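> I have a structure I would like to understand better, so I am pasting it below and will then ask my questions one at a time.
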Amino acid sequence: MLENGDDKVFGFGQLIGILKKNPKKIVFTEGQDPRILEASSRLLASYFLNPILVGNRDKIAEAAEEAGFNIRGAEIIDPEHYDRMDEMVSLLCELRKDKGMTPEKARGLLKQANYFGTMLVKMGEADALLGGATYSTADTVRPALQLIKTKPGSNIVSSCFILVRPSATGENEVLAMADCAINIDPTEDQLVEIAGEAAECAKIFGVDPQLAFLSYSTHGSGAGEAVDKMRNAAAKTKKKYPELPIDGELQFDAAVSPRVARTKCPESTVAGHANTFIFPDINAGNIGYKIAQRMGNFEAYGPILLGLNAPVNDLSRGCNASEVYSMAIITAALA
């Protein structure tokens with residue numbers, strides 16, 4: 001992940017430039033965690049992203065002092081002493097009234113940092129949220145789905161991984177892969193939405209998206225429901241996004257190898273140089289990006305959640321401070 005001095009790696013220089021022009025506030029739901037404190041200290045020294053740490057003020061200050069991180073200037077908000085708690089409770093009750101939310105239940109729920117932090121974003125106190133250093137993915141995503149919800153025109157939340165590897169030319173090779181973390185077995189229509197969101201995400205990182213809908217078949221070389229799903233999803237996506245270069249169904253070798261593409265699908269303008277990959281299900285996606293990461297020497301950034309009304313992203317519980325820092329930049333830039 002992003003190390004000191006590497007802020008210009010692929011799109012990070014561009015993202016930081018955007019944030020410098022319009023600084024954002026990002027909520028960290030695990031404000032006492034040493035990895036969060038280290039990343040916050042680095043962000044505070046850079047003046048383009050303002051961290052909000054959720055937790056007990058004294059415990060956070062003590063943890064930062066013990067670890068030697070300077071977090072002066074960080075906003076620390078304790079759910080137990082929040083001056084807008086009554087307003088937050090009322091809004092939460094309104095948002096979840098169809099689920100029978102009462103003020104008592106709301107106050108109990110808002111003692112949890114993941115719900116409290118998400119409500120800070122909902123109320124406009126912060127622009128984005130990054131959690132998951134100790135929470136599960138489900139515990140980070142669930143409050144976002146319930147409270148922030150999907151943006152207009154979106155029916156699902158999906159995810160995208162950005163993969164980066166230095167190339168022989170000196171420029172980084174940057175790929176996008178979706179959906180590798182959220183939707184288990186997306187339908188054709190859901191794949192259309194996933195593809196559109198993944199293409200927009202790729203553009204943020206300087207990728208001119210060339211979309212390949214992946215399969216074990218290339219243009220009818222194989223048969224089956226899974227092949228039909230990817231072929232139909234590709235056709236629907238072409239219709240919805242006529243400006244995007246799209247092909248499918250394609251096997252992975254045909255998608256990335258010009259030599260194989262010339263043999264298997266010589267008429268394709270995408271095959272052989274695809275850079276944005278749409279997987280048929282979460283099994284293929286999760287396995288695929290991890291093969292690229294572990295055996296292809298790509299750095300993997302994500303999962304980047306797409307389709308929400310405001311940026312919320314999930315960290316791996318095994319993350320380090322550098323990963324927190326880089327994901328904070330990505331998350332805030334999406335705002």
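As shown in the structure tokens, the chain order sets the letters A, B, ...; within each chain, residues go from 1, and ligands are also counted from 1 in the order they appear.
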Excluding Pro34 in chain A and any residue of its chain fewer than 6 positions from it, enumerate the residues within 12 Å of it, using only C-alpha atoms, and give them as a CSV table (one decimal) with all heavy atoms, in the first residue's frame.

```
chain,number,residue,atom,x,y,z
A,28,PHE,N,-13.5,7.9,11.2
A,28,PHE,CA,-12.9,6.7,11.5
A,28,PHE,C,-13.7,6.1,12.7
A,28,PHE,O,-13.7,6.7,13.8
A,28,PHE,CB,-11.4,6.8,11.9
A,28,PHE,CG,-10.6,7.2,10.7
A,28,PHE,CD1,-10.0,8.4,10.6
A,28,PHE,CD2,-10.3,6.2,9.7
A,28,PHE,CE1,-9.2,8.8,9.6
A,28,PHE,CE2,-9.5,6.6,8.7
A,28,PHE,CZ,-8.9,7.8,8.6
A,40,SER,N,-4.1,8.8,10.9
A,40,SER,CA,-4.7,10.2,11.2
A,40,SER,C,-3.6,11.2,11.4
A,40,SER,O,-3.7,12.3,11.0
A,40,SER,CB,-5.6,10.1,12.4
A,40,SER,OG,-6.7,9.3,12.2
A,41,SER,N,-2.5,10.8,12.1
A,41,SER,CA,-1.4,11.7,12.3
A,41,SER,C,-0.8,12.1,11.0
A,41,SER,O,-0.5,13.3,10.8
A,41,SER,CB,-0.4,11.0,13.2
A,41,SER,OG,0.8,11.7,13.3
A,53,LEU,N,-12.4,11.2,14.8
A,53,LEU,CA,-12.2,9.9,15.5
A,53,LEU,C,-13.3,9.7,16.5
A,53,LEU,O,-13.6,10.6,17.3
A,53,LEU,CB,-10.8,10.0,16.3
A,53,LEU,CG,-9.6,10.3,15.5
A,53,LEU,CD1,-8.4,10.4,16.4
A,53,LEU,CD2,-9.4,9.3,14.4
A,59,LYS,N,-9.3,8.2,26.3
A,59,LYS,CA,-8.7,7.0,25.9
A,59,LYS,C,-8.0,7.1,24.5
A,59,LYS,O,-6.9,6.5,24.3
A,59,LYS,CB,-9.8,5.9,25.8
A,59,LYS,CG,-10.3,5.4,27.2
A,59,LYS,CD,-11.3,4.3,27.0
A,59,LYS,CE,-11.8,3.8,28.4
A,59,LYS,NZ,-12.8,2.7,28.3
A,60,ILE,N,-8.6,7.9,23.6
A,60,ILE,CA,-7.9,8.1,22.3
A,60,ILE,C,-6.7,8.9,22.5
A,60,ILE,O,-5.6,8.6,22.0
A,60,ILE,CB,-8.9,8.8,21.4
A,60,ILE,CG1,-10.0,7.9,20.9
A,60,ILE,CG2,-8.2,9.4,20.2
A,60,ILE,CD1,-11.1,8.5,20.1
A,61,ALA,N,-6.7,10.0,23.4
A,61,ALA,CA,-5.5,10.8,23.6
A,61,ALA,C,-4.4,10.0,24.3
A,61,ALA,O,-3.2,10.1,23.9
A,61,ALA,CB,-5.9,12.0,24.5
A,62,GLU,N,-4.8,9.1,25.2
A,62,GLU,CA,-3.8,8.3,25.9
A,62,GLU,C,-3.2,7.3,24.9
A,62,GLU,O,-2.0,7.1,25.0
A,62,GLU,CB,-4.5,7.5,27.0
A,62,GLU,CG,-3.6,6.6,27.9
A,62,GLU,CD,-4.3,5.9,29.0
A,62,GLU,OE1,-5.5,6.2,29.2
A,62,GLU,OE2,-3.7,5.1,29.6
A,63,ALA,N,-4.0,6.7,24.1
A,63,ALA,CA,-3.5,5.7,23.1
A,63,ALA,C,-2.5,6.4,22.1
A,63,ALA,O,-1.5,5.8,21.8
A,63,ALA,CB,-4.7,5.0,22.4
A,64,ALA,N,-2.9,7.6,21.7
A,64,ALA,CA,-2.0,8.3,20.8
A,64,ALA,C,-0.7,8.7,21.4
A,64,ALA,O,0.4,8.5,20.8
A,64,ALA,CB,-2.7,9.5,20.3
A,65,GLU,N,-0.7,9.1,22.7
A,65,GLU,CA,0.5,9.5,23.4
A,65,GLU,C,1.4,8.3,23.6
A,65,GLU,O,2.6,8.3,23.4
A,65,GLU,CB,0.1,10.1,24.7
A,65,GLU,CG,1.3,10.6,25.5
A,65,GLU,CD,0.9,11.4,26.8
A,65,GLU,OE1,-0.3,11.6,27.0
A,65,GLU,OE2,1.9,11.8,27.5
A,66,GLU,N,0.8,7.1,24.0
A,66,GLU,CA,1.6,5.9,24.2
A,66,GLU,C,2.2,5.4,22.9
A,66,GLU,O,3.4,5.0,23.0
A,66,GLU,CB,0.7,4.8,24.8
A,66,GLU,CG,0.2,5.0,26.2
A,66,GLU,CD,-0.7,3.9,26.7
A,66,GLU,OE1,-1.0,3.0,25.9
A,66,GLU,OE2,-1.0,3.9,27.9
A,67,ALA,N,1.6,5.6,21.8
A,67,ALA,CA,2.1,5.1,20.5
A,67,ALA,C,3.0,6.2,19.9
A,67,ALA,O,3.7,5.9,18.9
A,67,ALA,CB,1.0,4.7,19.6
A,68,GLY,N,3.0,7.4,20.4
A,68,GLY,CA,3.8,8.5,19.9
A,68,GLY,C,3.3,9.1,18.6
A,68,GLY,O,4.1,9.6,17.8
A,69,PHE,N,2.0,9.2,18.5
A,69,PHE,CA,1.4,9.8,17.3
A,69,PHE,C,0.8,11.2,17.6
A,69,PHE,O,0.0,11.3,18.6
A,69,PHE,CB,0.3,8.9,16.7
A,69,PHE,CG,0.9,7.6,16.2
A,69,PHE,CD1,0.3,6.4,16.7
A,69,PHE,CD2,2.0,7.5,15.4
A,69,PHE,CE1,0.7,5.2,16.3
A,69,PHE,CE2,2.4,6.2,15.0
A,69,PHE,CZ,1.9,5.1,15.4
A,70,ASN,N,1.1,12.1,16.9
A,70,ASN,CA,0.6,13.5,17.1
A,70,ASN,C,-0.8,13.6,16.4
A,70,ASN,O,-0.8,13.7,15.1
A,70,ASN,CB,1.6,14.5,16.6
A,70,ASN,CG,1.1,16.0,16.8
A,70,ASN,OD1,0.0,16.2,17.3
A,70,ASN,ND2,1.8,16.9,16.3
A,71,ILE,N,-1.9,13.7,17.1
A,71,ILE,CA,-3.2,13.8,16.5
A,71,ILE,C,-3.8,15.2,16.9
A,71,ILE,O,-5.0,15.3,16.8
A,71,ILE,CB,-4.1,12.7,17.0
A,71,ILE,CG1,-4.3,12.6,18.5
A,71,ILE,CG2,-3.6,11.4,16.4
A,71,ILE,CD1,-5.4,11.7,18.9
A,133,ALA,N,-11.4,-1.8,10.8
A,133,ALA,CA,-10.2,-2.2,11.3
A,133,ALA,C,-10.4,-3.3,12.4
A,133,ALA,O,-9.6,-4.2,12.6
A,133,ALA,CB,-9.4,-1.0,11.9
A,134,THR,N,-11.6,-3.2,13.1
A,134,THR,CA,-12.0,-4.2,14.1
A,134,THR,C,-13.4,-4.8,13.8
A,134,THR,O,-13.7,-5.8,14.3
A,134,THR,CB,-11.9,-3.7,15.5
A,134,THR,OG1,-12.8,-2.5,15.6
A,134,THR,CG2,-10.5,-3.2,15.9
A,319,CYS,N,-5.4,-5.0,8.3
A,319,CYS,CA,-4.8,-3.9,7.6
A,319,CYS,C,-3.7,-3.3,8.5
A,319,CYS,O,-3.6,-3.5,9.7
A,319,CYS,CB,-5.8,-2.8,7.3
A,319,CYS,SG,-6.5,-2.0,8.8
A,320,ASN,N,-2.8,-2.5,7.8
A,320,ASN,CA,-1.8,-1.7,8.5
A,320,ASN,C,-2.1,-0.2,8.3
A,320,ASN,O,-3.0,0.1,7.6
A,320,ASN,CB,-0.4,-2.1,8.1
A,320,ASN,CG,-0.2,-1.8,6.6
A,320,ASN,OD1,-0.7,-0.9,6.0
A,320,ASN,ND2,0.5,-2.8,5.9
A,321,ALA,N,-1.3,0.6,9.0
A,321,ALA,CA,-1.6,2.1,9.0
A,321,ALA,C,-1.5,2.6,7.6
A,321,ALA,O,-2.2,3.6,7.2
A,321,ALA,CB,-0.6,2.8,9.9
A,322,SER,N,-0.5,2.1,6.8
A,322,SER,CA,-0.4,2.6,5.4
A,322,SER,C,-1.6,2.3,4.6
A,322,SER,O,-2.0,3.1,3.8
A,322,SER,CB,0.9,2.0,4.8
A,322,SER,OG,1.1,2.5,3.5
A,324,VAL,N,-4.7,2.0,5.8
A,324,VAL,CA,-5.7,2.9,6.3
A,324,VAL,C,-5.5,4.3,5.6
A,324,VAL,O,-6.5,4.9,5.2
A,324,VAL,CB,-5.6,3.1,7.8
A,324,VAL,CG1,-6.6,4.1,8.3
A,324,VAL,CG2,-5.8,1.8,8.5
```
> DSSP on the backbone: what in range 107-232 of chain A comes out strand (DSSP E), as a list in words?
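So, restricting range 107-232 of chain A to strand (DSSP E), we get Ala128, Leu129, Leu130, Gly131, Ser158, Ser159, Cys160, Phe161, Ile162, Leu163, Val164, Arg165, Pro166, Asn172, Glu173, Val174, Leu175, Ala176, Met177, Ala178, Leu211, Ala212, Phe213 and Leu214 of chain A.
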> Tell me, as a list in words, which residues lie within 9 Å of range 200-208 of chain A, counting only C-alpha atoms; anything in the same chain fewer than 2 positions away does not count.
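The residues satisfying every condition are Phe10, Gly11, Phe12, Gln14, Leu15, Cys160, Ile162, Val174, Leu175, Ala176, Ala195, Gly196, Glu197, Ala198, Gln210, Asn275, Thr276, Ile304, Leu306, Ala333 and Leu334 of chain A.
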> Okay, now the selection with N, CA, C and O atoms, as a PDB file, in the first residue's frame?

```pdb
ATOM      1  N   PHE A  10       0.186   5.834  -9.166  1.00  0.00           N
ATOM      2  CA  PHE A  10      -0.955   5.856 -10.095  1.00  0.00           C
ATOM      3  C   PHE A  10      -1.819   7.078  -9.874  1.00  0.00           C
ATOM      4  O   PHE A  10      -1.388   8.187 -10.200  1.00  0.00           O
ATOM      5  N   GLY A  11      -3.029   6.987  -9.350  1.00  0.00           N
ATOM      6  CA  GLY A  11      -3.906   8.143  -9.283  1.00  0.00           C
ATOM      7  C   GLY A  11      -3.852   8.913  -7.987  1.00  0.00           C
ATOM      8  O   GLY A  11      -4.624   9.844  -7.806  1.00  0.00           O
ATOM      9  N   PHE A  12      -2.954   8.571  -7.055  1.00  0.00           N
ATOM     10  CA  PHE A  12      -3.010   9.204  -5.750  1.00  0.00           C
ATOM     11  C   PHE A  12      -2.624  10.674  -5.796  1.00  0.00           C
ATOM     12  O   PHE A  12      -3.182  11.487  -5.058  1.00  0.00           O
ATOM     13  N   GLN A  14      -3.275  12.706  -8.174  1.00  0.00           N
ATOM     14  CA  GLN A  14      -4.479  13.371  -8.674  1.00  0.00           C
ATOM     15  C   GLN A  14      -5.534  13.466  -7.579  1.00  0.00           C
ATOM     16  O   GLN A  14      -6.181  14.503  -7.399  1.00  0.00           O
ATOM     17  N   LEU A  15      -5.717  12.373  -6.834  1.00  0.00           N
ATOM     18  CA  LEU A  15      -6.731  12.367  -5.775  1.00  0.00           C
ATOM     19  C   LEU A  15      -6.378  13.365  -4.680  1.00  0.00           C
ATOM     20  O   LEU A  15      -7.254  14.086  -4.179  1.00  0.00           O
ATOM     21  N   CYS A 160     -15.502  -2.657  -5.984  1.00  0.00           N
ATOM     22  CA  CYS A 160     -14.476  -2.701  -7.020  1.00  0.00           C
ATOM     23  C   CYS A 160     -13.105  -2.715  -6.345  1.00  0.00           C
ATOM     24  O   CYS A 160     -12.909  -2.035  -5.336  1.00  0.00           O
ATOM     25  N   ILE A 162      -9.095  -1.901  -7.183  1.00  0.00           N
ATOM     26  CA  ILE A 162      -8.131  -1.318  -8.102  1.00  0.00           C
ATOM     27  C   ILE A 162      -6.799  -2.024  -7.863  1.00  0.00           C
ATOM     28  O   ILE A 162      -6.304  -2.078  -6.731  1.00  0.00           O
ATOM     29  N   VAL A 174      -2.638  -0.379 -14.292  1.00  0.00           N
ATOM     30  CA  VAL A 174      -3.765  -0.228 -13.378  1.00  0.00           C
ATOM     31  C   VAL A 174      -4.977  -0.958 -13.952  1.00  0.00           C
ATOM     32  O   VAL A 174      -5.354  -0.743 -15.110  1.00  0.00           O
ATOM     33  N   LEU A 175      -5.571  -1.832 -13.148  1.00  0.00           N
ATOM     34  CA  LEU A 175      -6.734  -2.610 -13.551  1.00  0.00           C
ATOM     35  C   LEU A 175      -7.863  -2.404 -12.551  1.00  0.00           C
ATOM     36  O   LEU A 175      -7.627  -2.043 -11.395  1.00  0.00           O
ATOM     37  N   ALA A 176      -9.090  -2.645 -12.988  1.00  0.00           N
ATOM     38  CA  ALA A 176     -10.254  -2.621 -12.099  1.00  0.00           C
ATOM     39  C   ALA A 176     -10.945  -3.977 -12.175  1.00  0.00           C
ATOM     40  O   ALA A 176     -11.068  -4.557 -13.264  1.00  0.00           O
ATOM     41  N   ALA A 195     -21.107  -3.099 -13.677  1.00  0.00           N
ATOM     42  CA  ALA A 195     -20.192  -2.682 -14.738  1.00  0.00           C
ATOM     43  C   ALA A 195     -20.143  -1.165 -14.871  1.00  0.00           C
ATOM     44  O   ALA A 195     -19.060  -0.571 -15.014  1.00  0.00           O
ATOM     45  N   GLY A 196     -21.292  -0.511 -14.826  1.00  0.00           N
ATOM     46  CA  GLY A 196     -21.327   0.943 -14.927  1.00  0.00           C
ATOM     47  C   GLY A 196     -20.591   1.619 -13.790  1.00  0.00           C
ATOM     48  O   GLY A 196     -19.830   2.579 -13.998  1.00  0.00           O
ATOM     49  N   GLU A 197     -20.796   1.121 -12.568  1.00  0.00           N
ATOM     50  CA  GLU A 197     -20.115   1.694 -11.404  1.00  0.00           C
ATOM     51  C   GLU A 197     -18.614   1.426 -11.460  1.00  0.00           C
ATOM     52  O   GLU A 197     -17.799   2.300 -11.132  1.00  0.00           O
ATOM     53  N   ALA A 198     -18.237   0.216 -11.883  1.00  0.00           N
ATOM     54  CA  ALA A 198     -16.818  -0.125 -11.964  1.00  0.00           C
ATOM     55  C   ALA A 198     -16.106   0.753 -12.987  1.00  0.00           C
ATOM     56  O   ALA A 198     -14.962   1.183 -12.776  1.00  0.00           O
ATOM     57  N   GLN A 210     -11.905  -0.400 -20.467  1.00  0.00           N
ATOM     58  CA  GLN A 210     -12.189  -1.353 -21.538  1.00  0.00           C
ATOM     59  C   GLN A 210     -12.756  -2.585 -20.839  1.00  0.00           C
ATOM     60  O   GLN A 210     -12.015  -3.333 -20.206  1.00  0.00           O
ATOM     61  N   ASN A 275      -9.088  -3.858 -19.428  1.00  0.00           N
ATOM     62  CA  ASN A 275      -8.490  -3.424 -18.156  1.00  0.00           C
ATOM     63  C   ASN A 275      -9.509  -3.314 -17.024  1.00  0.00           C
ATOM     64  O   ASN A 275      -9.145  -3.015 -15.886  1.00  0.00           O
ATOM     65  N   THR A 276     -10.770  -3.545 -17.339  1.00  0.00           N
ATOM     66  CA  THR A 276     -11.833  -3.504 -16.332  1.00  0.00           C
ATOM     67  C   THR A 276     -12.622  -4.798 -16.469  1.00  0.00           C
ATOM     68  O   THR A 276     -13.259  -5.032 -17.497  1.00  0.00           O
ATOM     69  N   ILE A 304     -13.606  -1.093  -2.699  1.00  0.00           N
ATOM     70  CA  ILE A 304     -14.186   0.238  -2.794  1.00  0.00           C
ATOM     71  C   ILE A 304     -15.680   0.050  -3.030  1.00  0.00           C
ATOM     72  O   ILE A 304     -16.087  -0.525  -4.041  1.00  0.00           O
ATOM     73  N   LEU A 306     -19.414   0.906  -3.990  1.00  0.00           N
ATOM     74  CA  LEU A 306     -20.005   1.762  -5.018  1.00  0.00           C
ATOM     75  C   LEU A 306     -21.523   1.701  -4.958  1.00  0.00           C
ATOM     76  O   LEU A 306     -22.098   0.674  -4.616  1.00  0.00           O
ATOM     77  N   ALA A 333     -11.922  10.936  -1.671  1.00  0.00           N
ATOM     78  CA  ALA A 333     -11.963  11.433  -3.052  1.00  0.00           C
ATOM     79  C   ALA A 333     -13.262  11.065  -3.732  1.00  0.00           C
ATOM     80  O   ALA A 333     -13.739  11.782  -4.632  1.00  0.00           O
ATOM     81  N   LEU A 334     -13.883   9.972  -3.333  1.00  0.00           N
ATOM     82  CA  LEU A 334     -15.168   9.573  -3.916  1.00  0.00           C
ATOM     83  C   LEU A 334     -16.280  10.537  -3.537  1.00  0.00           C
ATOM     84  O   LEU A 334     -17.344  10.540  -4.161  1.00  0.00           O
TER      85      LEU A 334
END
```
> Considering only alpha helix (DSSP H) as DSSP defines it on the backbone, what residues of range 39-203 of chain A qualify? List them as a PyMOL selection string.
chain A and resi 39-46+57-67+85-95+103-109+113-122+137-143+188-203
> Go through range 116-214 of chain A and flag each residue having an atom no more than 12 Å from range 23-27 of chain A; for those, report the closest pair of atoms plus their distance in Å to one decimal, using only C-alpha atoms, ordered by chain and rising number, as a Markdown table.

```
| residue | atom | partner | partner_atom | distance |
| --- | --- | --- | --- | --- |
| A:Phe116 | CA | A:Val27 | CA | 9.9 |
| A:Gly117 | CA | A:Val27 | CA | 6.2 |
| A:Thr118 | CA | A:Val27 | CA | 8.2 |
| A:Met119 | CA | A:Val27 | CA | 10.2 |
| A:Leu120 | CA | A:Val27 | CA | 7.8 |
| A:Val121 | CA | A:Val27 | CA | 7.8 |
| A:Lys122 | CA | A:Val27 | CA | 11.5 |
| A:Gly124 | CA | A:Lys25 | CA | 9.7 |
| A:Glu125 | CA | A:Lys25 | CA | 7.9 |
| A:Ala126 | CA | A:Lys25 | CA | 5.0 |
| A:Asp127 | CA | A:Lys25 | CA | 5.3 |
| A:Ala128 | CA | A:Ile26 | CA | 4.8 |
| A:Leu129 | CA | A:Val27 | CA | 4.6 |
| A:Leu130 | CA | A:Val27 | CA | 6.2 |
| A:Gly131 | CA | A:Val27 | CA | 8.1 |
| A:Gly132 | CA | A:Val27 | CA | 11.8 |
```
> Next, dump the selected residues to file, keeping only C-alpha atoms, as a PDB file, in the first residue's frame.

```pdb
ATOM      1  CA  PHE A 116     -22.870   6.545  15.267  1.00  0.00           C
ATOM      2  CA  GLY A 117     -20.226   7.224  12.617  1.00  0.00           C
ATOM      3  CA  THR A 118     -22.623   6.454   9.788  1.00  0.00           C
ATOM      4  CA  MET A 119     -25.140   8.905  11.235  1.00  0.00           C
ATOM      5  CA  LEU A 120     -22.446  11.604  11.324  1.00  0.00           C
ATOM      6  CA  VAL A 121     -22.171  11.182   7.557  1.00  0.00           C
ATOM      7  CA  LYS A 122     -25.956  11.123   7.160  1.00  0.00           C
ATOM      8  CA  GLY A 124     -23.570  16.106   7.086  1.00  0.00           C
ATOM      9  CA  GLU A 125     -21.038  16.265   9.912  1.00  0.00           C
ATOM     10  CA  ALA A 126     -18.630  14.257   7.765  1.00  0.00           C
ATOM     11  CA  ASP A 127     -18.243  13.549   4.058  1.00  0.00           C
ATOM     12  CA  ALA A 128     -17.160   9.921   4.229  1.00  0.00           C
ATOM     13  CA  LEU A 129     -16.557   6.983   6.552  1.00  0.00           C
ATOM     14  CA  LEU A 130     -13.848   4.352   6.816  1.00  0.00           C
ATOM     15  CA  GLY A 131     -14.307   1.417   9.175  1.00  0.00           C
ATOM     16  CA  GLY A 132     -13.543  -2.241   9.541  1.00  0.00           C
TER      17      GLY A 132
END
```
> Determine, counting only C-alpha atoms, which protein, DNA and RNA residues have an atom within 12 Å of an atom of Val256 in chain A; residues of the same chain fewer than 4 positions away are not included. Present the result as an mmCIF file with C-alpha atoms, in the first residue's frame.

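The resulting file, selection-v1.cif, is reproduced below:
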```cif
data_model
loop_
_atom_site.group_PDB
_atom_site.id
_atom_site.type_symbol
_atom_site.label_atom_id
_atom_site.label_comp_id
_atom_site.auth_asym_id
_atom_site.auth_seq_id
_atom_site.Cartn_x
_atom_site.Cartn_y
_atom_site.Cartn_z
ATOM 1 C CA LEU A 175 -6.734 -2.610 -13.551
ATOM 2 C CA GLN A 210 -12.189 -1.353 -21.538
ATOM 3 C CA LEU A 211 -14.742 -3.757 -20.070
ATOM 4 C CA ALA A 212 -14.583 -7.533 -20.355
ATOM 5 C CA PHE A 213 -17.433 -9.709 -19.067
ATOM 6 C CA LEU A 214 -15.541 -12.828 -18.043
ATOM 7 C CA LEU A 250 -14.719 -13.527 -22.903
ATOM 8 C CA GLN A 251 -12.284 -15.952 -21.347
ATOM 9 C CA PHE A 252 -9.582 -14.223 -19.366
ATOM 10 C CA VAL A 260 -5.058 -15.159 -28.018
ATOM 11 C CA ALA A 261 -7.623 -12.518 -28.957
ATOM 12 C CA ARG A 262 -6.515 -12.615 -32.591
ATOM 13 C CA LYS A 264 -10.421 -16.508 -30.550
ATOM 14 C CA CYS A 265 -12.187 -13.255 -31.411
ATOM 15 C CA SER A 268 -13.257 -7.667 -31.034
ATOM 16 C CA THR A 269 -11.947 -4.182 -30.273
ATOM 17 C CA VAL A 270 -11.731 -4.888 -26.517
ATOM 18 C CA ALA A 271 -10.279 -8.391 -26.381
ATOM 19 C CA GLY A 272 -6.545 -8.443 -25.868
ATOM 20 C CA HIS A 273 -6.343 -5.184 -23.936
ATOM 21 C CA ALA A 274 -9.227 -5.194 -21.450
ATOM 22 C CA ASN A 275 -8.490 -3.424 -18.156
ATOM 23 C CA THR A 276 -11.833 -3.504 -16.332
ATOM 24 C CA PHE A 277 -13.054 -7.005 -15.540
#
```
> Work out how far apart CA of Ser159 in chain A and CA of Cys180 in chain A are and give it in Å to one decimal.
6.5 Å
> Skipping near chain neighbours, those fewer than 4 positions away, what residues fall within 12 Å of Gln293 in chain A using only C-alpha atoms, listed as a PyMOL selection string?
chain A and resi 1+161-165+175+177+286-289+297-302
> Got a sec: who's within 9 Å of Glu249 in chain A, counting only C-alpha atoms, leaving out chain neighbours fewer than 4 positions off, as number ranges by chain?
A: 212-220, 227-234
> Suppose we keep N, CA, C and O atoms; can you now write the selection as a CSV table (one decimal), in the first residue's frame?

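Saved file again12.csv follows:
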```csv
chain,number,residue,atom,x,y,z
A,212,ALA,N,-14.4,-6.1,-19.9
A,212,ALA,CA,-14.6,-7.5,-20.4
A,212,ALA,C,-15.5,-8.3,-19.4
A,212,ALA,O,-15.2,-8.3,-18.2
A,213,PHE,N,-16.6,-8.9,-19.9
A,213,PHE,CA,-17.4,-9.7,-19.1
A,213,PHE,C,-16.9,-11.1,-19.2
A,213,PHE,O,-16.9,-11.8,-20.2
A,214,LEU,N,-16.3,-11.6,-18.0
A,214,LEU,CA,-15.5,-12.8,-18.0
A,214,LEU,C,-16.4,-14.1,-17.9
A,214,LEU,O,-17.4,-14.1,-17.3
A,215,SER,N,-15.9,-15.2,-18.5
A,215,SER,CA,-16.6,-16.4,-18.6
A,215,SER,C,-15.6,-17.5,-18.9
A,215,SER,O,-14.4,-17.3,-19.1
A,216,TYR,N,-16.1,-18.8,-18.9
A,216,TYR,CA,-15.3,-19.9,-19.3
A,216,TYR,C,-15.4,-20.1,-20.8
A,216,TYR,O,-14.9,-21.0,-21.4
A,217,SER,N,-16.1,-19.1,-21.5
A,217,SER,CA,-16.4,-19.2,-22.9
A,217,SER,C,-16.1,-17.9,-23.6
A,217,SER,O,-16.2,-16.8,-22.9
A,218,THR,N,-15.7,-18.0,-24.8
A,218,THR,CA,-15.4,-16.8,-25.6
A,218,THR,C,-16.3,-16.8,-26.9
A,218,THR,O,-16.2,-17.7,-27.7
A,219,HIS,N,-17.3,-15.8,-26.9
A,219,HIS,CA,-18.2,-15.7,-28.0
A,219,HIS,C,-18.8,-17.0,-28.5
A,219,HIS,O,-18.7,-17.4,-29.7
A,220,GLY,N,-19.3,-17.8,-27.5
A,220,GLY,CA,-20.0,-19.0,-27.9
A,220,GLY,C,-19.2,-20.2,-28.0
A,220,GLY,O,-19.7,-21.3,-28.4
A,227,VAL,N,-22.7,-18.9,-19.0
A,227,VAL,CA,-22.3,-18.2,-20.3
A,227,VAL,C,-23.3,-17.3,-20.8
A,227,VAL,O,-23.0,-16.1,-21.1
A,228,ASP,N,-24.6,-17.7,-20.8
A,228,ASP,CA,-25.7,-16.9,-21.3
A,228,ASP,C,-25.8,-15.6,-20.4
A,228,ASP,O,-26.0,-14.5,-20.9
A,229,LYS,N,-25.6,-15.8,-19.1
A,229,LYS,CA,-25.7,-14.7,-18.2
A,229,LYS,C,-24.7,-13.6,-18.5
A,229,LYS,O,-25.1,-12.4,-18.6
A,230,MET,N,-23.5,-14.0,-18.8
A,230,MET,CA,-22.4,-13.0,-19.1
A,230,MET,C,-22.6,-12.4,-20.4
A,230,MET,O,-22.4,-11.2,-20.6
A,231,ARG,N,-23.0,-13.2,-21.4
A,231,ARG,CA,-23.2,-12.7,-22.8
A,231,ARG,C,-24.4,-11.7,-22.8
A,231,ARG,O,-24.3,-10.6,-23.3
A,232,ASN,N,-25.5,-12.0,-22.1
A,232,ASN,CA,-26.7,-11.1,-22.0
A,232,ASN,C,-26.4,-9.9,-21.2
A,232,ASN,O,-26.8,-8.8,-21.6
A,233,ALA,N,-25.6,-10.0,-20.1
A,233,ALA,CA,-25.3,-8.8,-19.3
A,233,ALA,C,-24.4,-7.9,-20.1
A,233,ALA,O,-24.5,-6.7,-20.1
A,234,ALA,N,-23.5,-8.4,-20.9
A,234,ALA,CA,-22.6,-7.6,-21.8
A,234,ALA,C,-23.4,-6.8,-22.8
A,234,ALA,O,-23.2,-5.6,-23.0
```
